[in-house]
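The structure appears right after this line, and notes come after that.
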Amino acid sequence: MSPFGIVLVALLAVVASGLIGRVTRLPVPLVQMALGAALSMAGLALARFEPETFFLLYLAPLLFLDGWRIPKDALFRDASTILTLALGLVAFTVLGMGLFIHALVPALPLAVAFALAAVISPTDPVAVSAIAARTPIPPRLLHVLQGEALLNDASGLVCMRFAVAAAVTGSFSLPQALASFAWLALGGLAVGAAVTLAVARLASWASAFGEDGGAQILVTLLMPFAVYLLAERLHCSGLLAVVAAGITMSLTDVWPRSASTRLRRTAVWDTVQFAVNGSIFVLLGEQIPALVAAAPVTVQATGHTAAAWLLVDVVLIVAALAVLRFAWVGVSLKLRILGRRRRGDPPLDADWRVVLVASLCGVRGAVTLAGVMTLPLLLGDGTPFPGRDLAIALAAGVILLSLVLASATLPHALRGLARPASPAAQTAEDKMRRAAAEAAIAAVRSAATTLGAANGERRRHDEAAARIVALYRAQIERLDRPAPAAMRERDDRVERRLRRVGLRAERHELLRYGREHHIADLTLRGIVRELDLLETHHGG
């Protein structure tokens, strides 16, 4: 199939998966994997799985966007917890699962077992985001999980690299491994931050000559690819580089001046996220039929003859991963709570259900499969790499089973777990909104005075300013009105719902009136856009 045909088929499958998921109520990632498998069985092979190309074209933009959009206050507030999961848990998982896999499948040499353990240790940010989109997770816990998934790819893949080197050469140097990891991690973070700061400085300089919205959006689309390629060229971690670029992007405060450019940029990146995210799961599903077809031969490496033994091994590996993750998360959160209580900081809840949800969210995905596909074909002496096909089959099984397990159990585990917004956070938001409204009132009055004096129409400007100021005064009075947080949230929800009803009726009448009275298309389109923006503002 031509490259254009591959892209078209994959995107059509992504579009179809949304409809099928809404009709069947099945998790969309599983629907997309099933469609990928169906396309493969129908003879429509999408693409040969090239891991490096996959990292660049698929993971780089998604990791960049996740780093860009993750709340920075939440990321820095729980940085110690995130690093404990992204580094400590990965090392703990590699050690524990390497020994367990070697004991479970003795046919896999110890170094290969450690390589497989390393590649299944990182959670997948795409899978976590896909599950969170369907199942509401408490915000603070979600931010910790997203931060972990953003950072643990590099640690897992570096561990795999050294396990493979040990299998190929028969030797391993811990000082060399630590030095290499430091360069990969710190170099990648530095490259991502430096490139983003340079682009931000250039954009700030260029804005003095006017703003080109299309060019600004295009620059943001190109950034993750440029950052990834530069980092890999310098032998750093390209994945960490794009994460650092995304985080730095939101810290530079280089926002387009035009509101329309900001809206267009958000819409473009939402579309990219939808298309690439869905395509990843379609491509993952496309690998399944070939792995299933090879299962009777692959299972022979385990010393068994029935292919069902592969499923048994996958179930035991997923269970062991869950146990190790549950133990680490529970102990880690308990220790963090003790430390934060001594400093007076608000701790992350370590209730057993929170620990259970954090454990179930340890979903493996595209990073795991792309990583395991990079296992070499030959050893240093030219002999075949031992257990390569078996490792790939086990990794694919872990991905599929972890997705199914999380999709099936998380809704039940999360029932009643959502925490209301904290009063302190609500108070801070109210203060911010009040300050913004008062600044707007002052600016409107000042502008009305200046413009009225310049045009000789002081009364008209004062009347218009009074109407605008009245809207801001009503907003401030509403913020000052004492009411419990839950009651205010219900009132806001009711008001937004009624506003949406009114705006939709207004738009429907505008379209009907425009058709019947032949109103100019540009005029009608502009008014409808205003209503669309208002409806979006009110949650439509």
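Ordered as shown in the structure tokens, chains take letters A, B, and onward, while each chain numbers its residues from 1 and ligands are numbered from 1 in the order shown.
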>> Show me, as a PyMOL selection string, the residues that have an atom within 8 Å of stretch 160-165 of chain A when counting only C-alpha atoms, minus same-chain residues fewer than 4 positions from it.
In response: chain A and resi 111-112+114-119+156+169-172+177+375
Write a file of the just-selected residues containing N, CA and C atoms, as a JSON list (two decimals), in the first residue's frame.
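Ended up saving to selection-v5.json:
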```json
[["chain", "number", "residue", "atom", "x", "y", "z"],
["A", 111, "ALA", "N", 19.95, -11.79, 31.00],
["A", 111, "ALA", "CA", 20.09, -10.45, 30.40],
["A", 111, "ALA", "C", 18.89, -10.12, 29.53],
["A", 112, "VAL", "N", 18.38, -11.10, 28.78],
["A", 112, "VAL", "CA", 17.21, -10.86, 27.94],
["A", 112, "VAL", "C", 15.97, -10.64, 28.80],
["A", 114, "PHE", "N", 15.97, -9.29, 31.74],
["A", 114, "PHE", "CA", 16.08, -7.91, 32.23],
["A", 114, "PHE", "C", 15.72, -6.91, 31.13],
["A", 115, "ALA", "N", 16.08, -7.20, 29.89],
["A", 115, "ALA", "CA", 15.72, -6.31, 28.78],
["A", 115, "ALA", "C", 14.20, -6.25, 28.62],
["A", 116, "LEU", "N", 13.54, -7.41, 28.70],
["A", 116, "LEU", "CA", 12.09, -7.42, 28.60],
["A", 116, "LEU", "C", 11.46, -6.70, 29.80],
["A", 117, "ALA", "N", 12.01, -6.91, 31.00],
["A", 117, "ALA", "CA", 11.50, -6.21, 32.18],
["A", 117, "ALA", "C", 11.64, -4.70, 32.03],
["A", 118, "ALA", "N", 12.76, -4.27, 31.45],
["A", 118, "ALA", "CA", 12.98, -2.83, 31.27],
["A", 118, "ALA", "C", 11.98, -2.24, 30.29],
["A", 119, "VAL", "N", 11.66, -2.97, 29.24],
["A", 119, "VAL", "CA", 10.80, -2.41, 28.21],
["A", 119, "VAL", "C", 9.33, -2.40, 28.65],
["A", 156, "GLY", "N", 13.31, 3.63, 31.41],
["A", 156, "GLY", "CA", 13.06, 2.26, 30.99],
["A", 156, "GLY", "C", 13.85, 1.87, 29.76],
["A", 169, "THR", "N", 27.21, -8.53, 24.35],
["A", 169, "THR", "CA", 28.66, -8.58, 24.60],
["A", 169, "THR", "C", 29.06, -9.47, 25.75],
["A", 170, "GLY", "N", 28.09, -9.78, 26.61],
["A", 170, "GLY", "CA", 28.40, -10.59, 27.78],
["A", 170, "GLY", "C", 29.05, -9.83, 28.91],
["A", 171, "SER", "N", 29.04, -8.48, 28.86],
["A", 171, "SER", "CA", 29.66, -7.68, 29.93],
["A", 171, "SER", "C", 28.77, -6.50, 30.27],
["A", 172, "PHE", "N", 28.96, -5.96, 31.47],
["A", 172, "PHE", "CA", 28.16, -4.83, 31.92],
["A", 172, "PHE", "C", 28.98, -3.98, 32.87],
["A", 177, "ALA", "N", 27.14, 2.74, 32.72],
["A", 177, "ALA", "CA", 25.69, 2.84, 32.57],
["A", 177, "ALA", "C", 25.15, 4.10, 33.23],
["A", 375, "LEU", "N", 14.93, -4.78, 19.78],
["A", 375, "LEU", "CA", 15.86, -5.85, 20.16],
["A", 375, "LEU", "C", 16.62, -6.32, 18.92]]
```
> Leaving out stretch 292-294 of chain A and any residue of its chain fewer than 6 positions from it, which residues lie within 12 Å of it when counting only C-alpha atoms, given as number ranges by chain?
Replying inline: A: 37, 40-41, 285-286, 300-301, 307-308, 310-311, 389-390, 392-394, 396-397
>> List as a ChimeraX atom specification the protein and nucleic acid residues near A:Leu186, meaning an atom at most 9 Å away when only C-alpha atoms are counted, but skip any in the same chain fewer than 4 places from it.
In response: /A:181-182,190-191,236-237,240
Go through stretch 398-516 of chain A residue by residue and, counting only C-alpha atoms, keep those with an atom at most 8 Å from stretch 312-336 of chain A; for each kept residue give the shortest atom pair and its distance in Å to one decimal, ordered by chain and increasing number, as JSON lines.
```
{"residue": "A:Val398", "atom": "CA", "partner": "A:Val314", "partner_atom": "CA", "distance": 5.9}
{"residue": "A:Leu401", "atom": "CA", "partner": "A:Val318", "partner_atom": "CA", "distance": 7.5}
{"residue": "A:Ser402", "atom": "CA", "partner": "A:Val318", "partner_atom": "CA", "distance": 6.9}
```
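Here the question is which of A:Ala470, A:Ala290, A:Ala203, A:Ala91 gets nearest to A:Ala215 using only C-alpha atoms, and that residue is A:Ala203.
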>> Which of stretch 91-330 of chain A end up as helix (DSSP H, G or I) when DSSP is run on this backbone - answer as a ChimeraX atom specification?
In response: /A:91-104,110-119,125-134,139-169,174-209,213-233,238-251,259-293,295-302,308-330
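Remark: for A:Gly192, the closest of the candidate residues A:Ala60, A:Leu534, A:Val105, A:Leu145 is A:Ala60 (distances computed over only C-alpha atoms).
The spacing separating atom CA of A:Asp66 from atom CA of A:Leu150 amounts to 7.7 Å.
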Can you pull out every residue within 9 Å of A:Ile399, counting only C-alpha atoms, but drop anything in the same chain fewer than 4 positions away, and send it as a PDB file with N, CA and C atoms, in the first residue's frame?
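Just written: result-v4.pdb:
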```pdb
ATOM      1  N   ILE A 120       8.952  -3.250  29.602  1.00  0.00           N
ATOM      2  CA  ILE A 120       7.574  -3.220  30.104  1.00  0.00           C
ATOM      3  C   ILE A 120       7.454  -2.396  31.384  1.00  0.00           C
ATOM      4  N   VAL A 363      -0.582   1.425  32.731  1.00  0.00           N
ATOM      5  CA  VAL A 363      -0.885   0.797  31.449  1.00  0.00           C
ATOM      6  C   VAL A 363       0.331   0.879  30.532  1.00  0.00           C
ATOM      7  N   ARG A 364       0.620  -0.227  29.878  1.00  0.00           N
ATOM      8  CA  ARG A 364       1.704  -0.243  28.888  1.00  0.00           C
ATOM      9  C   ARG A 364       1.110  -0.035  27.504  1.00  0.00           C
ATOM     10  N   GLY A 365       1.925   0.539  26.606  1.00  0.00           N
ATOM     11  CA  GLY A 365       1.385   0.839  25.290  1.00  0.00           C
ATOM     12  C   GLY A 365       2.444   0.919  24.219  1.00  0.00           C
ATOM     13  N   ALA A 366       2.378   1.985  23.436  1.00  0.00           N
ATOM     14  CA  ALA A 366       3.212   2.086  22.241  1.00  0.00           C
ATOM     15  C   ALA A 366       4.697   2.096  22.561  1.00  0.00           C
ATOM     16  N   THR A 368       6.285   0.552  24.905  1.00  0.00           N
ATOM     17  CA  THR A 368       6.718  -0.820  25.186  1.00  0.00           C
ATOM     18  C   THR A 368       6.911  -1.608  23.901  1.00  0.00           C
ATOM     19  N   LEU A 369       5.934  -1.551  22.996  1.00  0.00           N
ATOM     20  CA  LEU A 369       6.044  -2.340  21.769  1.00  0.00           C
ATOM     21  C   LEU A 369       7.146  -1.793  20.863  1.00  0.00           C
ATOM     22  N   LEU A 394       5.448 -11.666  24.419  1.00  0.00           N
ATOM     23  CA  LEU A 394       5.086 -11.392  25.816  1.00  0.00           C
ATOM     24  C   LEU A 394       4.804  -9.910  26.026  1.00  0.00           C
ATOM     25  N   ALA A 395       5.615  -9.037  25.413  1.00  0.00           N
ATOM     26  CA  ALA A 395       5.400  -7.596  25.562  1.00  0.00           C
ATOM     27  C   ALA A 395       4.060  -7.179  24.958  1.00  0.00           C
ATOM     28  N   LEU A 403      -4.274  -2.913  29.090  1.00  0.00           N
ATOM     29  CA  LEU A 403      -5.318  -2.022  28.600  1.00  0.00           C
ATOM     30  C   LEU A 403      -6.713  -2.544  28.944  1.00  0.00           C
ATOM     31  N   VAL A 404      -6.928  -3.832  28.706  1.00  0.00           N
ATOM     32  CA  VAL A 404      -8.235  -4.430  29.005  1.00  0.00           C
ATOM     33  C   VAL A 404      -8.522  -4.350  30.500  1.00  0.00           C
TER      34      VAL A 404
END
```
